[in-house]
>>> print(open('query07.txt').read())   # compact mmCIF, C-alpha atoms and all ligand atoms
# COMPACT_ATOMS: atom_id res chain seq x y z
CA MET X 340 -25.65 -4.17 17.86
CA ASN X 341 -22.75 -6.32 18.90
CA GLU X 342 -21.98 -7.26 22.48
CA ILE X 343 -18.82 -5.33 23.27
CA PRO X 344 -19.12 -3.62 26.64
CA LEU X 345 -18.77 0.16 26.36
CA THR X 346 -15.92 0.16 28.90
CA TYR X 347 -13.91 -1.61 26.20
CA LEU X 348 -13.72 1.55 24.15
CA PRO X 349 -11.68 4.09 26.12
CA LYS X 350 -8.80 1.64 26.59
CA ILE X 351 -8.18 1.20 22.88
CA TRP X 352 -7.33 4.24 20.78
CA LEU X 353 -8.56 3.46 17.29
CA PRO X 354 -6.95 4.72 14.05
CA TYR X 355 -8.40 7.73 12.21
CA THR X 356 -11.26 7.80 14.73
CA GLN X 357 -12.90 10.51 16.77
CA MET X 358 -13.16 8.48 19.95
CA LYS X 359 -15.89 10.68 21.43
CA THR X 360 -18.45 10.19 18.70
CA ALA X 361 -17.37 6.96 17.02
CA PRO X 362 -19.88 4.12 17.01
CA VAL X 363 -18.89 1.02 18.98
CA PRO X 364 -16.62 -0.99 16.66
CA LEU X 365 -17.54 -4.46 15.49
CA HIS X 366 -15.70 -7.24 17.29
CA ALA X 367 -14.02 -9.79 15.00
CA VAL X 368 -13.38 -13.24 16.45
CA ARG X 369 -12.32 -15.29 13.44
CA THR X 370 -11.23 -14.90 9.83
CA GLU X 371 -11.18 -17.56 7.14
CA GLY X 372 -10.78 -17.15 3.38
CA SER X 373 -12.78 -14.01 2.55
CA ARG X 374 -14.99 -14.19 5.65
CA ILE X 375 -14.85 -12.29 8.94
CA THR X 376 -16.88 -13.76 11.81
CA LEU X 377 -18.13 -11.32 14.45
CA GLN X 378 -18.62 -11.94 18.17
CA ASP X 379 -22.41 -11.88 17.71
CA GLY X 380 -22.19 -14.70 15.16
CA ARG X 381 -22.64 -12.64 11.99
CA GLU X 382 -20.35 -13.46 9.07
CA LEU X 383 -19.22 -10.68 6.73
CA VAL X 384 -17.81 -11.13 3.22
CA ASP X 385 -14.58 -9.14 3.24
CA GLY X 386 -14.10 -6.73 0.34
CA ILE X 387 -10.83 -5.06 1.29
CA ALA X 388 -8.58 -7.86 2.60
CA SER X 389 -7.60 -5.92 5.74
CA TRP X 390 -6.23 -2.81 4.07
CA TRP X 391 -5.07 -4.74 0.96
CA THR X 392 -2.88 -7.26 2.75
CA ALA X 393 -4.59 -10.68 2.82
CA CYS X 394 -4.10 -11.48 -0.87
CA HIS X 395 -4.40 -15.28 -0.39
CA GLY X 396 -7.40 -14.96 1.91
CA TYR X 397 -7.21 -15.31 5.68
CA ASN X 398 -5.67 -18.31 7.43
CA HIS X 399 -4.08 -19.90 4.41
CA PRO X 400 -2.90 -23.33 5.63
CA HIS X 401 0.45 -23.11 3.85
CA ILE X 402 1.43 -19.80 5.47
CA HIS X 403 0.10 -21.11 8.78
CA ALA X 404 2.27 -24.26 8.54
CA ARG X 405 5.53 -22.48 7.66
CA VAL X 406 5.06 -19.78 10.33
CA SER X 407 4.10 -22.37 12.99
CA GLU X 408 7.21 -24.37 12.24
CA GLN X 409 9.34 -21.23 12.52
CA LEU X 410 7.58 -20.29 15.78
CA GLY X 411 8.73 -23.59 17.31
CA ARG X 412 12.32 -23.10 16.12
CA MET X 413 13.10 -19.39 16.52
CA PRO X 414 10.39 -16.73 16.73
CA HIS X 415 12.90 -13.92 16.82
CA VAL X 416 16.56 -13.12 16.86
CA MET X 417 18.15 -9.71 16.35
CA LEU X 418 19.51 -9.01 12.88
CA GLY X 419 22.47 -6.95 14.14
CA GLY X 420 25.52 -9.17 13.66
CA LEU X 421 23.32 -12.24 13.12
CA VAL X 422 21.36 -13.45 10.14
CA HIS X 423 18.97 -16.38 9.80
CA GLU X 424 17.59 -18.68 7.14
CA PRO X 425 14.18 -16.99 6.62
CA VAL X 426 15.81 -13.59 5.89
CA ARG X 427 18.41 -15.20 3.64
CA GLU X 428 15.75 -17.05 1.66
CA LEU X 429 13.47 -14.02 1.41
CA SER X 430 16.21 -11.60 0.28
CA GLU X 431 17.34 -14.09 -2.34
CA ARG X 432 13.80 -14.67 -3.65
CA LEU X 433 12.93 -10.97 -3.76
CA SER X 434 16.05 -10.22 -5.77
CA ILE X 435 15.03 -12.90 -8.30
CA LEU X 436 11.38 -11.78 -8.40
CA LEU X 437 11.94 -8.03 -8.68
CA PRO X 438 12.90 -6.62 -12.09
CA GLY X 439 16.48 -5.75 -13.01
CA ASP X 440 19.11 -5.38 -10.31
CA LEU X 441 16.73 -4.50 -7.45
CA ASP X 442 18.77 -6.88 -5.36
CA HIS X 443 19.40 -5.47 -1.89
CA SER X 444 16.58 -5.71 0.67
CA PHE X 445 16.49 -3.73 3.91
CA PHE X 446 13.66 -5.02 6.14
CA THR X 447 11.50 -3.02 8.53
CA ASP X 448 8.12 -3.59 10.16
CA SER X 449 5.71 -1.16 8.49
CA GLY X 450 5.15 0.56 5.18
CA SER X 451 5.73 4.04 6.57
CA VAL X 452 9.10 3.04 7.97
CA ALA X 453 10.05 1.37 4.68
CA VAL X 454 9.35 4.70 2.95
CA GLU X 455 11.36 6.59 5.59
CA VAL X 456 14.27 4.22 4.94
CA ALA X 457 13.93 4.86 1.19
CA MET X 458 14.05 8.60 1.88
CA LYS X 459 17.16 8.22 4.05
CA MET X 460 18.79 5.97 1.43
CA ALA X 461 18.15 8.52 -1.31
CA ILE X 462 19.48 11.46 0.71
CA GLN X 463 22.56 9.58 1.91
CA TYR X 464 23.20 8.20 -1.59
CA TRP X 465 24.13 11.71 -2.70
CA ILE X 466 26.05 12.53 0.50
CA ASN X 467 28.11 9.35 0.08
CA ARG X 468 28.85 10.36 -3.51
CA GLY X 469 30.14 13.73 -2.32
CA VAL X 470 27.18 15.75 -3.65
CA GLN X 471 25.88 18.34 -1.21
CA GLY X 472 22.44 19.85 -0.79
CA ARG X 473 20.17 17.09 -2.10
CA LYS X 474 17.95 16.75 0.96
CA LYS X 475 14.45 17.04 -0.53
CA LEU X 476 12.06 14.59 -2.13
CA LEU X 477 9.78 15.38 -5.04
CA SER X 478 6.32 13.87 -4.57
CA PHE X 479 2.93 14.24 -6.25
CA ARG X 480 -0.50 15.67 -5.55
CA ASN X 481 -2.89 12.99 -4.20
CA GLY X 482 0.08 10.90 -3.09
CA TYR X 483 0.08 8.92 0.17
CA HIS X 484 3.18 7.30 1.66
CA GLY X 485 2.44 6.83 5.37
CA ASP X 486 1.59 8.47 8.67
CA THR X 487 4.99 9.06 10.30
CA LEU X 488 6.33 12.62 10.33
CA ALA X 489 8.79 12.23 7.45
CA THR X 490 6.31 10.37 5.24
CA MET X 491 3.64 12.96 6.02
CA SER X 492 5.91 15.52 4.38
CA ILE X 493 5.60 13.72 1.02
CA CYS X 494 1.83 13.09 1.18
CA ASP X 495 -0.60 15.41 -0.58
CA PRO X 496 -0.61 18.52 1.60
CA GLU X 497 -4.30 19.30 1.16
CA GLU X 498 -6.16 16.15 0.19
CA GLY X 499 -4.07 13.94 2.47
CA MET X 500 -4.85 13.16 6.09
CA HIS X 501 -2.05 15.34 7.43
CA SER X 502 -2.89 18.96 6.61
CA LEU X 503 -3.22 19.65 10.36
CA PHE X 504 0.51 19.13 10.76
CA ALA X 505 1.62 21.58 8.06
CA GLY X 506 4.79 23.30 9.26
CA ALA X 507 5.75 20.44 11.61
CA PHE X 508 7.97 18.71 9.06
CA PRO X 509 10.38 19.74 6.31
CA GLU X 510 8.91 21.22 3.18
CA GLN X 511 9.42 19.02 0.15
CA VAL X 512 8.84 19.63 -3.55
CA LEU X 513 5.29 18.97 -4.78
CA ALA X 514 4.32 18.45 -8.42
CA ASP X 515 1.51 17.31 -10.68
CA LEU X 516 1.85 13.92 -12.33
CA PRO X 517 3.23 14.12 -15.88
CA ARG X 518 0.02 12.86 -17.47
CA ASP X 519 0.38 14.80 -20.74
CA GLU X 520 2.75 17.03 -22.70
CA THR X 521 1.96 20.16 -20.67
CA SER X 522 2.38 18.59 -17.23
CA SER X 523 5.51 16.74 -18.41
CA ALA X 524 7.03 20.01 -19.60
CA ALA X 525 6.15 21.64 -16.26
CA LEU X 526 7.84 18.82 -14.32
CA ASP X 527 10.85 18.97 -16.61
CA ALA X 528 11.17 22.70 -15.90
CA LEU X 529 10.71 22.20 -12.15
CA LEU X 530 13.43 19.55 -12.08
CA ALA X 531 15.77 21.72 -14.16
CA GLU X 532 15.33 24.51 -11.63
CA ARG X 533 15.45 22.49 -8.38
CA ARG X 534 17.36 19.28 -9.13
CA HIS X 535 20.26 20.43 -6.97
CA GLU X 536 17.97 20.21 -3.92
CA ILE X 537 16.25 16.95 -4.90
CA SER X 538 17.52 13.49 -3.98
CA ALA X 539 14.64 11.47 -5.44
CA ILE X 540 11.21 11.45 -7.02
CA ILE X 541 8.70 9.25 -5.19
CA LEU X 542 5.41 7.90 -6.55
CA GLU X 543 2.86 5.14 -6.02
CA PRO X 544 2.89 3.55 -9.50
CA LEU X 545 -0.40 3.21 -11.44
CA VAL X 546 -2.67 3.82 -8.42
CA GLN X 547 -2.57 6.60 -5.86
CA GLY X 548 -4.38 4.56 -3.22
CA ALA X 549 -5.25 6.34 0.02
CA GLY X 550 -5.25 9.64 -1.92
CA GLY X 551 -8.48 8.54 -3.64
CA MET X 552 -7.81 5.37 -5.69
CA ILE X 553 -6.73 7.53 -8.63
CA PHE X 554 -5.29 5.63 -11.61
CA HIS X 555 -2.71 6.76 -14.15
CA PRO X 556 -1.42 4.97 -17.24
CA PRO X 557 2.01 3.27 -17.46
CA GLU X 558 3.25 6.07 -19.77
CA VAL X 559 3.42 8.31 -16.68
CA LEU X 560 6.04 5.96 -15.23
CA VAL X 561 7.97 5.90 -18.50
CA ARG X 562 8.06 9.72 -18.49
CA LEU X 563 9.15 9.81 -14.85
CA ARG X 564 11.98 7.35 -15.43
CA ALA X 565 13.17 9.46 -18.38
CA LEU X 566 12.95 12.71 -16.39
CA ALA X 567 14.74 11.19 -13.39
CA ASP X 568 17.56 10.04 -15.70
CA LYS X 569 17.71 13.37 -17.53
CA HIS X 570 18.03 15.36 -14.30
CA ASP X 571 20.09 12.76 -12.47
CA VAL X 572 17.77 12.19 -9.51
CA LEU X 573 16.76 8.81 -8.09
CA LEU X 574 13.32 7.31 -8.68
CA ILE X 575 11.55 5.59 -5.77
CA LEU X 576 8.41 3.59 -6.50
CA ASP X 577 6.24 2.97 -3.46
CA GLU X 578 4.61 -0.39 -4.28
CA ILE X 579 3.35 -0.95 -0.74
CA PHE X 580 -0.21 -1.08 -2.10
CA THR X 581 0.38 -2.09 -5.73
CA GLY X 582 3.03 -4.80 -5.19
CA PHE X 583 2.27 -8.54 -5.35
CA GLY X 584 -0.31 -8.69 -8.11
CA ARG X 585 -2.87 -6.07 -7.09
CA THR X 586 -2.75 -4.18 -10.42
CA GLY X 587 -2.60 -7.32 -12.60
CA THR X 588 1.18 -7.83 -12.78
CA MET X 589 3.40 -8.90 -9.90
CA PHE X 590 4.67 -5.31 -9.60
CA ALA X 591 3.02 -2.25 -11.15
CA CYS X 592 6.32 -0.99 -12.63
CA GLU X 593 6.41 -4.06 -14.91
CA GLN X 594 3.51 -2.61 -16.91
CA ALA X 595 5.72 0.33 -17.88
CA GLY X 596 8.85 -1.75 -18.38
CA ILE X 597 10.84 0.53 -16.09
CA ILE X 598 13.02 -0.19 -13.06
CA PRO X 599 13.05 2.25 -10.14
CA ASP X 600 16.26 2.85 -8.20
CA ILE X 601 14.49 1.94 -4.96
CA ILE X 602 11.20 0.12 -4.39
CA THR X 603 9.19 -0.15 -1.17
CA LEU X 604 7.06 -3.21 -0.37
CA SER X 605 4.79 -4.22 2.52
CA LYS X 606 1.05 -5.08 2.94
CA ALA X 607 0.73 -8.29 0.81
CA LEU X 608 4.42 -9.15 1.35
CA THR X 609 3.47 -11.62 4.12
CA GLY X 610 0.06 -12.42 2.64
CA GLY X 611 -1.42 -10.18 5.32
CA THR X 612 -0.38 -12.33 8.27
CA VAL X 613 2.47 -10.59 10.13
CA PRO X 614 3.87 -7.05 9.75
CA LEU X 615 6.89 -6.77 7.45
CA ALA X 616 8.16 -4.24 4.95
CA ALA X 617 11.14 -4.04 2.63
CA THR X 618 13.05 -1.23 0.99
CA VAL X 619 14.88 -2.76 -1.95
CA ALA X 620 17.71 -0.93 -3.71
CA ARG X 621 19.40 -1.41 -7.04
CA ARG X 622 23.06 -2.29 -7.10
CA HIS X 623 24.33 1.25 -7.82
CA VAL X 624 22.41 2.57 -4.76
CA PHE X 625 23.76 -0.22 -2.53
CA GLU X 626 27.28 0.32 -3.82
CA ALA X 627 27.19 4.01 -2.87
CA PHE X 628 27.14 2.85 0.76
CA LEU X 629 30.24 0.64 0.41
CA SER X 630 33.25 2.47 1.82
CA ASP X 631 36.13 2.20 4.25
CA SER X 632 34.39 4.90 6.25
CA PRO X 633 31.86 3.68 8.87
CA SER X 634 29.91 6.91 8.45
CA ALA X 635 28.94 5.91 4.91
CA ALA X 636 26.85 3.00 6.27
CA LEU X 637 23.05 3.20 6.33
CA MET X 638 22.31 4.19 9.92
CA HIS X 639 18.98 2.49 10.54
CA GLY X 640 18.05 -0.71 12.38
CA PRO X 641 14.61 -1.39 13.88
CA THR X 642 14.63 -3.81 16.84
CA PHE X 643 12.35 -6.33 15.13
CA MET X 644 13.99 -5.90 11.74
CA ALA X 645 13.53 -8.99 9.52
CA ASN X 646 11.67 -10.88 12.25
CA PRO X 647 12.00 -14.59 11.32
CA LEU X 648 8.25 -15.29 11.62
CA ALA X 649 7.50 -12.42 9.26
CA CYS X 650 10.21 -13.43 6.78
CA MET X 651 8.90 -17.00 6.85
CA ALA X 652 5.35 -15.78 6.23
CA ALA X 653 6.66 -13.80 3.24
CA CYS X 654 8.49 -16.86 1.87
CA ALA X 655 5.29 -18.92 2.25
CA SER X 656 3.34 -16.17 0.47
CA LEU X 657 5.85 -16.26 -2.41
CA ASP X 658 5.43 -20.09 -2.55
CA LEU X 659 1.71 -19.49 -3.09
CA PHE X 660 2.34 -16.97 -5.87
CA GLU X 661 4.52 -19.63 -7.53
CA ARG X 662 2.16 -22.58 -7.03
CA GLU X 663 -1.29 -21.08 -7.41
CA PRO X 664 -2.68 -19.06 -10.33
CA ARG X 665 -2.83 -15.70 -8.55
CA LEU X 666 -2.42 -13.42 -11.57
CA GLU X 667 -5.12 -15.35 -13.47
CA GLN X 668 -7.37 -14.92 -10.43
CA VAL X 669 -6.66 -11.17 -10.48
CA ALA X 670 -7.60 -11.05 -14.18
CA ALA X 671 -10.88 -12.89 -13.47
CA ILE X 672 -11.68 -10.56 -10.54
CA SER X 673 -10.95 -7.60 -12.80
CA ARG X 674 -13.42 -8.81 -15.45
CA GLN X 675 -16.10 -9.47 -12.84
CA LEU X 676 -15.60 -6.10 -11.14
CA ARG X 677 -15.89 -4.34 -14.50
CA ALA X 678 -19.11 -6.14 -15.36
CA GLU X 679 -20.75 -5.92 -11.94
CA LEU X 680 -19.78 -2.39 -10.86
CA GLU X 681 -20.62 -0.83 -14.24
CA PRO X 682 -24.39 -0.61 -13.45
CA CYS X 683 -23.50 1.78 -10.58
CA ARG X 684 -22.42 4.38 -13.15
CA VAL X 685 -25.98 5.50 -13.89
CA LEU X 686 -27.04 5.74 -10.24
CA SER X 687 -27.72 9.16 -8.78
CA GLY X 688 -24.68 10.57 -6.96
CA VAL X 689 -22.10 8.44 -8.79
CA ARG X 690 -19.25 10.38 -10.39
CA ASP X 691 -17.13 7.53 -11.77
CA VAL X 692 -16.67 3.77 -11.85
CA ARG X 693 -13.16 2.42 -12.53
CA VAL X 694 -11.34 -0.88 -12.29
CA LEU X 695 -7.66 -1.81 -12.46
CA GLY X 696 -6.51 -5.34 -11.66
CA ALA X 697 -8.23 -6.43 -8.45
CA ILE X 698 -9.21 -2.86 -7.52
CA GLY X 699 -12.78 -1.73 -8.13
CA VAL X 700 -13.81 1.84 -7.38
CA VAL X 701 -17.12 3.66 -7.29
CA GLU X 702 -16.50 7.35 -6.78
CA LEU X 703 -19.43 9.37 -5.46
CA ASP X 704 -20.01 13.12 -5.85
CA SER X 705 -19.91 13.40 -2.07
CA VAL X 706 -20.70 11.42 1.06
CA ASP X 707 -22.83 13.34 3.56
CA ASP X 708 -23.19 10.59 6.15
CA MET X 709 -20.25 8.17 6.27
CA ASN X 710 -21.50 6.24 9.30
CA ARG X 711 -24.84 5.62 7.64
CA LEU X 712 -23.08 4.35 4.51
CA LYS X 713 -20.79 2.05 6.52
CA ASN X 714 -23.70 0.69 8.57
CA ALA X 715 -25.75 0.05 5.44
CA LEU X 716 -22.90 -2.03 4.01
CA VAL X 717 -22.56 -4.07 7.23
CA ALA X 718 -26.32 -4.59 7.19
CA CYS X 719 -25.78 -6.31 3.82
CA ASN X 720 -23.26 -8.59 5.60
CA VAL X 721 -20.24 -7.25 3.74
CA TRP X 722 -17.09 -5.56 5.02
CA VAL X 723 -16.33 -2.56 2.82
CA ARG X 724 -14.67 0.59 4.19
CA PRO X 725 -15.45 3.66 2.10
CA PHE X 726 -13.32 6.75 2.66
CA ARG X 727 -13.99 10.34 1.64
CA ARG X 728 -16.17 9.85 -1.47
CA ILE X 729 -14.67 6.51 -2.51
CA VAL X 730 -16.37 3.13 -2.18
CA TYR X 731 -13.87 0.49 -3.25
CA LEU X 732 -13.14 -3.22 -3.34
CA THR X 733 -9.69 -4.79 -3.04
CA PRO X 734 -10.62 -8.38 -2.23
CA ALA X 735 -8.40 -11.39 -1.61
CA PHE X 736 -7.34 -12.93 -4.94
CA THR X 737 -8.87 -16.21 -3.75
CA ILE X 738 -12.36 -14.77 -3.29
CA THR X 739 -15.07 -16.85 -4.97
CA SER X 740 -17.16 -15.42 -7.76
CA ASP X 741 -20.31 -15.69 -5.58
CA GLU X 742 -18.65 -13.80 -2.71
CA LEU X 743 -17.54 -11.07 -5.11
CA THR X 744 -21.07 -10.77 -6.46
CA ARG X 745 -22.35 -10.33 -2.90
CA LEU X 746 -19.94 -7.41 -2.51
CA THR X 747 -20.78 -5.70 -5.81
CA GLN X 748 -24.52 -6.18 -5.23
CA ALA X 749 -24.25 -4.68 -1.75
CA ILE X 750 -22.46 -1.63 -3.13
CA TYR X 751 -25.06 -1.21 -5.89
CA HIS X 752 -27.87 -1.59 -3.36
CA VAL X 753 -26.60 0.92 -0.76
CA ILE X 754 -25.79 3.54 -3.39
CA ARG X 755 -29.17 3.09 -5.09
CA GLU X 756 -30.84 3.47 -1.69
CA GLY X 757 -28.87 6.71 -1.12
CA ALA X 758 -27.29 5.44 2.10
CA PHE X 759 -24.47 8.00 1.69
CA ARG X 760 -26.92 10.88 2.12
CA LYS X 761 -28.28 12.15 5.41
CA PRO X 762 -31.76 10.73 6.02
CA ALA X 763 -34.43 13.22 4.94
C1 LIG I 801 1.42 3.45 -0.91
C2 LIG I 801 1.55 3.35 0.57
N1 LIG I 801 2.71 3.68 1.15
C3 LIG I 801 2.88 3.60 2.48
C4 LIG I 801 1.85 3.20 3.31
C5 LIG I 801 2.06 3.13 4.80
O1 LIG I 801 2.10 1.82 5.23
P1 LIG I 801 1.84 1.46 6.78
O2 LIG I 801 0.41 1.76 7.05
O3 LIG I 801 2.18 0.00 6.88
O4 LIG I 801 2.77 2.31 7.58
C6 LIG I 801 0.61 2.88 2.75
C7 LIG I 801 -0.51 2.45 3.60
O5 LIG I 801 -1.65 2.44 3.22
C8 LIG I 801 0.45 2.95 1.35
O6 LIG I 801 -0.71 2.65 0.75
>>> encode(input="query07.txt", output="C-alpha cells", more="lines below")
Ligand SMILES: Cc1ncc(COP(=O)(O)O)c(C=O)c1O
Amino acid sequence: MNEIPLTYLPKIWLPYTQMKTAPVPLHAVRTEGSRITLQDGRELVDGIASWWTACHGYNHPHIHARVSEQLGRMPHVMLGGLVHEPVRELSERLSILLPGDLDHSFFTDSGSVAVEVAMKMAIQYWINRGVQGRKKLLSFRNGYHGDTLATMSICDPEEGMHSLFAGAFPEQVLADLPRDETSSAALDALLAERRHEISAIILEPLVQGAGGMIFHPPEVLVRLRALADKHDVLLILDEIFTGFGRTGTMFACEQAGIIPDIITLSKALTGGTVPLAATVARRHVFEAFLSDSPSAALMHGPTFMANPLACMAACASLDLFEREPRLEQVAAISRQLRAELEPCRVLSGVRDVRVLGAIGVVELDSVDDMNRLKNALVACNVWVRPFRRIVYLTPAFTITSDELTRLTQAIYHVIREGAFRKPA
C-alpha cells in the first residue's frame, strides 16, 4: 500500500470513480521518460502515456526549455484583441503540417471543448450560408467525443459512458460505420432522407478509442468523404486521439488520402505537458464566417484560449516531430507490439489481439474484477489502465524496447493468471 492518508481522498473528486468504494489511488511524485515514480519509491513503466498525451515521454528537456523561457516572458495574455508569438507560430505550423487547406486554427483548452467548437462551427456554417434547419450531427456507434453535454450527445448512446444522461441533451443522428456495401448503402439512404437536418458527420478516424479501441480501414474514411460530398454535409474528423503519429502517420486521415472540412486536435498536441486543443477549419468553412454582419462571427472564446505556455509547448513538440524519428519509432513499436502481444491470443478469456501504429489491444471476453486486474498490473510494476474488457498499450514513442517488453510481458502474465476473474 502507498502512504497517502485516507483524509486525502474526500477532498479530491476523481474521474470515472465511485468515491465510496474506490481503492486509495497511487500517489505519483515524478515522471521521466516512460517511468512514473510513486511516493513509496516504486517505479512503474508507463504503458498509456497519460491518456495518450505524452508522446515524447515525460519531461522532455526541449519542451521544458521552451516552456520555461516562455514562463519567464509571458505565461498568459488574453487572446481577445491581442495575439502573441507562440500562437502565431503554432497556427502557421499547423496549417503547413495539416493536409490541404486546413489552415484556420481556433484554440481551446480541452478535447471536449474543441469538439463542441467544431459542432458550433458546422451548425453556424450553414446558418451563415442562409441554409436553415441543419442543427444535428451524424455520429457513429462506439464513438466517443468527450464528456461535456453537447459532446455526450454524439457519443455512443449505449456503449458510451453517458447513457445515464439520455434525454438531457439534443438527440442527434446515429449510424453504423460504412464498413461494407450494405452499411454504406444504409448510410447513403439515411443521409438522403435526413440531410436537411444534418450539418456534419463526425468520426474518430481509424480508431474509435474510448468506445473500445475498435479499428476500421481507411476505405471507411474514403466512403465517408464521398457520402459527405454527395449529400453536401460537412465532415469533421476528431483526431484528438489519433493525431500526431499514433496510428503510424502524422494524422490518421492521411492513410485514406482525404481531407476533412474540420479537424479536432488535442492530447499529444503539447506532447502531454499542458492542456491545449485546436479546432482547425478548411478555408471554405472559415470564409463562411467572413461577413459585414457581426452576428456571422464565431461566438466562442474561452478565457485561457491559446495560452502562450501551451502554444509554446505545442511548438516545441512539433520541433521534436521534425528533429527526431518519431514515425520510425511508431513503426518499430508497432512491430514489437504485434510480435509480443500475439501470444496472448491463445490464452483463455482472450477474444482478440490487434495492433495499429503504437496502439496494442488485447480484448477479453469479459472482465469480472477490474480492481483485481489493475492491481495485478501494478504488482508487475507497470502502469496500464484497462477499461471495460479492453487491456491496451499506447506508450510514449520514445519508450525503449526493454520497457515495452516489460509491459507486454506483464499483460501476458496477468491474463494467463486470470487476474481479470473474481478469485475462486
Ligand atoms: C477522440 C476523442 N475526442 C474527444 C476527447 C475528449 O477530450 P478531453 O478529455 O480532453 O475533453 C477524447 C478523450 O479521450 C477523445 O479520445
>>> atom_distance(input="query07.txt", atom1="CA of Leu560 (chain X)", atom2="CA of Thr737 (chain X)")
29.1 Å
>>> residues_near_ligand(input="query07.txt", ligand="ligand LIG 801 (chain I)", cutoff="6 Å", atoms="only C-alpha atoms and all ligand atoms", output="compact mmCIF listing (two decimals) with C-alpha atoms, in the frame of the given file")
# COMPACT_ATOMS: atom_id res chain seq x y z
CA SER X 449 5.71 -1.16 8.49
CA GLY X 450 5.15 0.56 5.18
CA SER X 451 5.73 4.04 6.57
CA TYR X 483 0.08 8.92 0.17
CA HIS X 484 3.18 7.30 1.66
CA GLY X 485 2.44 6.83 5.37
CA GLU X 543 2.86 5.14 -6.02
CA GLY X 548 -4.38 4.56 -3.22
CA ALA X 549 -5.25 6.34 0.02
CA ASP X 577 6.24 2.97 -3.46
CA ILE X 579 3.35 -0.95 -0.74
CA PHE X 580 -0.21 -1.08 -2.10
>>> residues_around(input="query07.txt", residues="Leu574 (chain X)", least_positions_apart="2", cutoff="7 Å", atoms="all atoms listed in the file", output="JSON, numbers by chain")
{"X": [539, 540, 541, 564, 567, 572, 576, 599, 600, 601]}
>>> residues_around(input="query07.txt", residues="Glu424 (chain X)", least_positions_apart="6", cutoff="12 Å", atoms="all atoms listed in the file", output="MDAnalysis selection string")
chainID X and resid 409 412:413 415:416 418 430:431 645:648 650:651 654
>>> atom_distance(input="query07.txt", atom1="CA of Phe625 (chain X)", atom2="CA of His443 (chain X)")
6.9 Å
>>> residues_around(input="query07.txt", residues="Leu666 (chain X)", least_positions_apart="4", cutoff="7 Å", atoms="all atoms listed in the file", output="count of residues only")
4
>>> closest_residue(input="query07.txt", among="X:Ser632, X:Ala653, X:Arg534, X:Ile575", to="Gly611 (chain X)", atoms="all atoms listed in the file")
X:Ala653
>>> residues_around(input="query07.txt", residues="His403 (chain X)", least_positions_apart="6", cutoff="9 Å", atoms="all atoms listed in the file", output="list in words")
Thr612, Ala652 and Ala655 of chain X
>>> write_last_selection(input="query07.txt", atoms="C-alpha atoms", output="CSV table (one decimal), keeping the file's coordinate frame")
chain,number,residue,atom,x,y,z
X,612,THR,CA,-0.4,-12.3,8.3
X,652,ALA,CA,5.4,-15.8,6.2
X,655,ALA,CA,5.3,-18.9,2.2
>>> decode(input="query07.txt", residues="region 562-586 of chain X", atoms="C-alpha atoms", output="PDB file, in the first residue's frame")
ATOM      1  CA  ARG X 562     -16.573   6.318 -48.326  1.00  0.00           C
ATOM      2  CA  LEU X 563     -17.483   8.931 -45.725  1.00  0.00           C
ATOM      3  CA  ARG X 564     -15.784  11.728 -47.648  1.00  0.00           C
ATOM      4  CA  ALA X 565     -17.670  10.664 -50.797  1.00  0.00           C
ATOM      5  CA  LEU X 566     -21.012  10.467 -48.956  1.00  0.00           C
ATOM      6  CA  ALA X 567     -20.467  13.833 -47.259  1.00  0.00           C
ATOM      7  CA  ASP X 568     -19.762  15.395 -50.671  1.00  0.00           C
ATOM      8  CA  LYS X 569     -22.702  13.651 -52.330  1.00  0.00           C
ATOM      9  CA  HIS X 570     -25.169  14.864 -49.691  1.00  0.00           C
ATOM     10  CA  ASP X 571     -23.491  18.219 -49.140  1.00  0.00           C
ATOM     11  CA  VAL X 572     -22.793  17.884 -45.412  1.00  0.00           C
ATOM     12  CA  LEU X 573     -19.516  18.743 -43.678  1.00  0.00           C
ATOM     13  CA  LEU X 574     -17.098  16.072 -42.479  1.00  0.00           C
ATOM     14  CA  ILE X 575     -15.435  16.517 -39.069  1.00  0.00           C
ATOM     15  CA  LEU X 576     -12.599  14.172 -38.135  1.00  0.00           C
ATOM     16  CA  ASP X 577     -11.899  14.013 -34.412  1.00  0.00           C
ATOM     17  CA  GLU X 578      -8.152  13.286 -34.310  1.00  0.00           C
ATOM     18  CA  ILE X 579      -7.819  14.097 -30.614  1.00  0.00           C
ATOM     19  CA  PHE X 580      -6.568  10.546 -30.010  1.00  0.00           C
ATOM     20  CA  THR X 581      -5.212   9.609 -33.453  1.00  0.00           C
ATOM     21  CA  GLY X 582      -3.398  12.861 -34.314  1.00  0.00           C
ATOM     22  CA  PHE X 583       0.392  13.276 -34.075  1.00  0.00           C
ATOM     23  CA  GLY X 584       1.616   9.871 -35.167  1.00  0.00           C
ATOM     24  CA  ARG X 585      -0.372   7.461 -33.006  1.00  0.00           C
ATOM     25  CA  THR X 586      -1.711   5.404 -35.948  1.00  0.00           C
TER      26      THR X 586
END
